[in-house]
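Please read the structure below before turning to the comments.
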Amino acid sequence: MIDEVMNMTLEELQNVETIKKRSDFNSFVIVPMNDNHDSGFRTMMFILLLDNEILGAVSGWSDVIHVNGVGGYGLDVENALKTQKVQRVSMSMDCLPVSGCMRFFIDNDHVMELDGFIGSDFVFYFKRKESK
């Protein structure tokens with residue numbers, strides 16, 4: 001539940017277990033870590049959530065976030081470059097009251113998926129939710 005994440009301290013968020021199985025998510029919490037990246041910027045971990053339920057944590061060493069892929073082109077880069085259009089997704093952020101961490105979330109018509117590789121860059125893409 002969102003109450004769980006809202007009431008967690010920074011230390012509790014930093015200790016969330018690493019995600020076991022990748023799956024779609026519709027929000028994530030940006031958790032600052034206690035180390036600096038080689039770039040000089042502070043590293044971040046990300047707590048993935050689906051319908052406000054914690055799926056687990058990823059990264060912990062990222063210093064950059066790429067929304068909808070590098071450049072914001074989405075999963076179909078070729079088409080986005082050709083048409084100069086990408087799918088519109090309503091994005092929002094809020095600040096958790098106890099930890100002070102930022103939560104990024106999107107509209108109910110979409111989910112996010114992680115890039116195949118997470119290194120110093122945290123890359124995710126938007127995709128339309130599958131109809132049931």
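Chain labels A, B, ... are given in the sequence in which chains occur in the structure tokens; within each chain residues are numbered consecutively from 1, and ligands are likewise numbered from 1 in the order shown.
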Quiz item: Can you list, as a VMD selection string, every residue of stretch 8-63 of chain A that DSSP puts in helix (DSSP H, G or I)?
Solution: chain A and resid 10 to 14
Quiz item: Near stretch 81-93 of chain A, within 8 Å and counting only C-alpha atoms, which residues show up once chain neighbours fewer than 6 positions away are dropped, as a ChimeraX atom specification?
Solution: /A:73-74,102-107,110,126
Self-check item: stretch 20-112 of chain A: residues DSSP assigns to strand (DSSP E), reported as a ChimeraX atom specification
Solution: /A:27-36,42-50,53-62,64-67,91-95,102-106,110-112
Go ahead and dump the residues you just picked, N, CA and C atoms, as a compact mmCIF listing (two decimals), in the first residue's frame.
# COMPACT_ATOMS: atom_id res chain seq x y z
N SER A 27 4.97 3.21 -10.81
CA SER A 27 5.59 4.30 -10.07
C SER A 27 6.90 3.81 -9.49
N PHE A 28 7.74 4.77 -9.10
CA PHE A 28 8.98 4.40 -8.41
C PHE A 28 9.39 5.54 -7.49
N VAL A 29 10.14 5.16 -6.46
CA VAL A 29 10.66 6.13 -5.50
C VAL A 29 12.15 6.27 -5.76
N ILE A 30 12.61 7.51 -5.86
CA ILE A 30 14.02 7.81 -6.04
C ILE A 30 14.65 7.91 -4.65
N VAL A 31 15.57 6.98 -4.36
CA VAL A 31 16.18 6.92 -3.04
C VAL A 31 17.66 7.29 -3.15
N PRO A 32 18.07 8.43 -2.58
CA PRO A 32 19.49 8.80 -2.62
C PRO A 32 20.28 7.84 -1.74
N MET A 33 21.45 7.44 -2.23
CA MET A 33 22.32 6.55 -1.48
C MET A 33 23.45 7.37 -0.84
N ASN A 34 24.32 6.71 -0.13
CA ASN A 34 25.35 7.42 0.64
C ASN A 34 26.68 7.53 -0.09
N ASP A 35 26.73 7.18 -1.37
CA ASP A 35 27.97 7.23 -2.13
C ASP A 35 27.84 8.20 -3.29
N ASN A 36 28.98 8.66 -3.77
CA ASN A 36 29.01 9.45 -4.99
C ASN A 36 29.51 8.58 -6.13
N ARG A 42 25.68 12.18 -6.65
CA ARG A 42 25.26 11.17 -5.68
C ARG A 42 24.55 10.02 -6.40
N THR A 43 24.74 8.80 -5.90
CA THR A 43 24.09 7.65 -6.51
C THR A 43 22.65 7.52 -5.99
N MET A 44 21.83 6.83 -6.79
CA MET A 44 20.42 6.63 -6.46
C MET A 44 20.04 5.17 -6.60
N MET A 45 19.10 4.77 -5.78
CA MET A 45 18.45 3.47 -5.91
C MET A 45 16.98 3.78 -6.22
N PHE A 46 16.28 2.81 -6.79
CA PHE A 46 14.90 3.03 -7.18
C PHE A 46 14.03 1.91 -6.64
N ILE A 47 12.98 2.28 -5.92
CA ILE A 47 12.02 1.31 -5.41
C ILE A 47 10.86 1.28 -6.40
N LEU A 48 10.68 0.14 -7.06
CA LEU A 48 9.61 0.01 -8.06
C LEU A 48 8.32 -0.39 -7.36
N LEU A 49 7.21 0.21 -7.82
CA LEU A 49 5.90 -0.09 -7.26
C LEU A 49 4.91 -0.38 -8.38
N LEU A 50 3.98 -1.26 -8.10
CA LEU A 50 2.86 -1.51 -9.00
C LEU A 50 1.59 -1.34 -8.18
N GLU A 53 2.10 -1.10 -4.47
CA GLU A 53 2.70 -2.23 -3.77
C GLU A 53 4.18 -2.33 -4.16
N ILE A 54 5.04 -2.48 -3.17
CA ILE A 54 6.48 -2.54 -3.42
C ILE A 54 6.84 -3.83 -4.14
N LEU A 55 7.49 -3.69 -5.32
CA LEU A 55 8.00 -4.84 -6.05
C LEU A 55 9.42 -5.16 -5.64
N GLY A 56 10.19 -4.13 -5.29
CA GLY A 56 11.57 -4.30 -4.89
C GLY A 56 12.41 -3.15 -5.39
N ALA A 57 13.72 -3.23 -5.11
CA ALA A 57 14.65 -2.16 -5.45
C ALA A 57 15.53 -2.56 -6.62
N VAL A 58 15.97 -1.57 -7.38
CA VAL A 58 16.95 -1.78 -8.45
C VAL A 58 18.02 -0.70 -8.34
N SER A 59 19.19 -1.03 -8.82
CA SER A 59 20.34 -0.13 -8.91
C SER A 59 20.93 0.17 -7.55
N GLY A 60 21.22 1.41 -7.27
CA GLY A 60 21.93 1.82 -6.08
C GLY A 60 23.22 2.52 -6.45
N TRP A 61 23.56 2.47 -7.73
CA TRP A 61 24.80 3.09 -8.22
C TRP A 61 24.54 4.00 -9.41
N SER A 62 23.27 4.26 -9.73
CA SER A 62 22.93 5.12 -10.86
C SER A 62 23.08 6.59 -10.48
N VAL A 64 22.09 8.95 -13.10
CA VAL A 64 21.29 9.61 -14.13
C VAL A 64 20.00 8.82 -14.35
N ILE A 65 18.91 9.54 -14.63
CA ILE A 65 17.63 8.91 -14.97
C ILE A 65 17.27 9.32 -16.40
N HIS A 66 16.92 8.35 -17.24
CA HIS A 66 16.46 8.64 -18.61
C HIS A 66 14.99 8.24 -18.70
N VAL A 67 14.12 9.24 -18.77
CA VAL A 67 12.68 9.03 -18.86
C VAL A 67 12.32 8.64 -20.29
N MET A 91 2.76 12.37 -16.53
CA MET A 91 3.75 12.06 -15.50
C MET A 91 3.61 13.05 -14.35
N SER A 92 3.83 12.55 -13.15
CA SER A 92 3.75 13.41 -11.96
C SER A 92 4.79 12.97 -10.95
N MET A 93 5.10 13.89 -10.03
CA MET A 93 6.02 13.58 -8.93
C MET A 93 5.45 14.16 -7.65
N ASP A 94 5.71 13.47 -6.55
CA ASP A 94 5.39 14.03 -5.25
C ASP A 94 6.52 13.69 -4.29
N CYS A 95 6.46 14.21 -3.10
CA CYS A 95 7.53 14.04 -2.13
C CYS A 95 6.98 13.28 -0.92
N MET A 102 11.53 11.44 -3.48
CA MET A 102 10.58 11.77 -4.54
C MET A 102 9.98 10.49 -5.13
N ARG A 103 8.66 10.53 -5.37
CA ARG A 103 7.98 9.42 -6.04
C ARG A 103 7.53 9.92 -7.41
N PHE A 104 7.85 9.14 -8.45
CA PHE A 104 7.49 9.43 -9.83
C PHE A 104 6.36 8.47 -10.19
N PHE A 105 5.26 8.97 -10.75
CA PHE A 105 4.15 8.08 -11.12
C PHE A 105 3.49 8.56 -12.39
N ILE A 106 2.77 7.63 -13.05
CA ILE A 106 2.17 7.93 -14.35
C ILE A 106 0.68 7.62 -14.32
N HIS A 110 -1.02 3.52 -18.66
CA HIS A 110 0.33 3.09 -19.02
C HIS A 110 1.03 2.39 -17.87
N VAL A 111 2.09 1.68 -18.21
CA VAL A 111 3.02 1.11 -17.24
C VAL A 111 4.42 1.45 -17.73
N MET A 112 5.39 1.17 -16.90
CA MET A 112 6.78 1.38 -17.28
C MET A 112 7.49 0.04 -17.29
Quiz item: Within 8 Å of stretch 1-11 of chain A, counting only C-alpha atoms, which residues qualify if same-chain residues fewer than 3 places away don't, as a ChimeraX atom specification?
Solution: /A:14-15,31,51-54,96-101
Using the selection just defined, write its residues with N, CA and C atoms as a PDB file, in the first residue's frame.
ATOM      1  N   GLN A  14      16.374   2.649   1.835  1.00  0.00           N
ATOM      2  CA  GLN A  14      17.692   2.234   1.358  1.00  0.00           C
ATOM      3  C   GLN A  14      17.934   0.749   1.562  1.00  0.00           C
ATOM      4  N   ASN A  15      17.169   0.121   2.445  1.00  0.00           N
ATOM      5  CA  ASN A  15      17.347  -1.300   2.740  1.00  0.00           C
ATOM      6  C   ASN A  15      16.281  -2.207   2.130  1.00  0.00           C
ATOM      7  N   VAL A  31      15.570   6.984  -4.363  1.00  0.00           N
ATOM      8  CA  VAL A  31      16.183   6.917  -3.040  1.00  0.00           C
ATOM      9  C   VAL A  31      17.658   7.294  -3.148  1.00  0.00           C
ATOM     10  N   ASP A  51       0.771  -0.390  -8.567  1.00  0.00           N
ATOM     11  CA  ASP A  51      -0.451  -0.069  -7.818  1.00  0.00           C
ATOM     12  C   ASP A  51      -0.144   0.124  -6.338  1.00  0.00           C
ATOM     13  N   ASN A  52       0.943   0.841  -6.075  1.00  0.00           N
ATOM     14  CA  ASN A  52       1.386   1.221  -4.727  1.00  0.00           C
ATOM     15  C   ASN A  52       1.898   0.057  -3.883  1.00  0.00           C
ATOM     16  N   GLU A  53       2.104  -1.100  -4.472  1.00  0.00           N
ATOM     17  CA  GLU A  53       2.702  -2.233  -3.770  1.00  0.00           C
ATOM     18  C   GLU A  53       4.179  -2.329  -4.155  1.00  0.00           C
ATOM     19  N   ILE A  54       5.039  -2.480  -3.169  1.00  0.00           N
ATOM     20  CA  ILE A  54       6.475  -2.540  -3.421  1.00  0.00           C
ATOM     21  C   ILE A  54       6.836  -3.833  -4.141  1.00  0.00           C
ATOM     22  N   LEU A  96       7.596  12.156  -0.582  1.00  0.00           N
ATOM     23  CA  LEU A  96       7.129  11.352   0.531  1.00  0.00           C
ATOM     24  C   LEU A  96       7.364  12.093   1.849  1.00  0.00           C
ATOM     25  N   PRO A  97       6.378  12.078   2.755  1.00  0.00           N
ATOM     26  CA  PRO A  97       6.426  12.935   3.938  1.00  0.00           C
ATOM     27  C   PRO A  97       7.472  12.544   4.986  1.00  0.00           C
ATOM     28  N   VAL A  98       7.793  11.268   5.128  1.00  0.00           N
ATOM     29  CA  VAL A  98       8.723  10.853   6.178  1.00  0.00           C
ATOM     30  C   VAL A  98      10.170  10.860   5.685  1.00  0.00           C
ATOM     31  N   SER A  99      10.413  10.224   4.530  1.00  0.00           N
ATOM     32  CA  SER A  99      11.784  10.088   4.024  1.00  0.00           C
ATOM     33  C   SER A  99      12.265  11.318   3.259  1.00  0.00           C
ATOM     34  N   GLY A 100      11.331  12.083   2.703  1.00  0.00           N
ATOM     35  CA  GLY A 100      11.694  13.210   1.852  1.00  0.00           C
ATOM     36  C   GLY A 100      12.073  12.785   0.445  1.00  0.00           C
ATOM     37  N   CYS A 101      11.927  11.500   0.122  1.00  0.00           N
ATOM     38  CA  CYS A 101      12.251  11.000  -1.221  1.00  0.00           C
ATOM     39  C   CYS A 101      11.159  11.379  -2.212  1.00  0.00           C
TER      40      CYS A 101
END
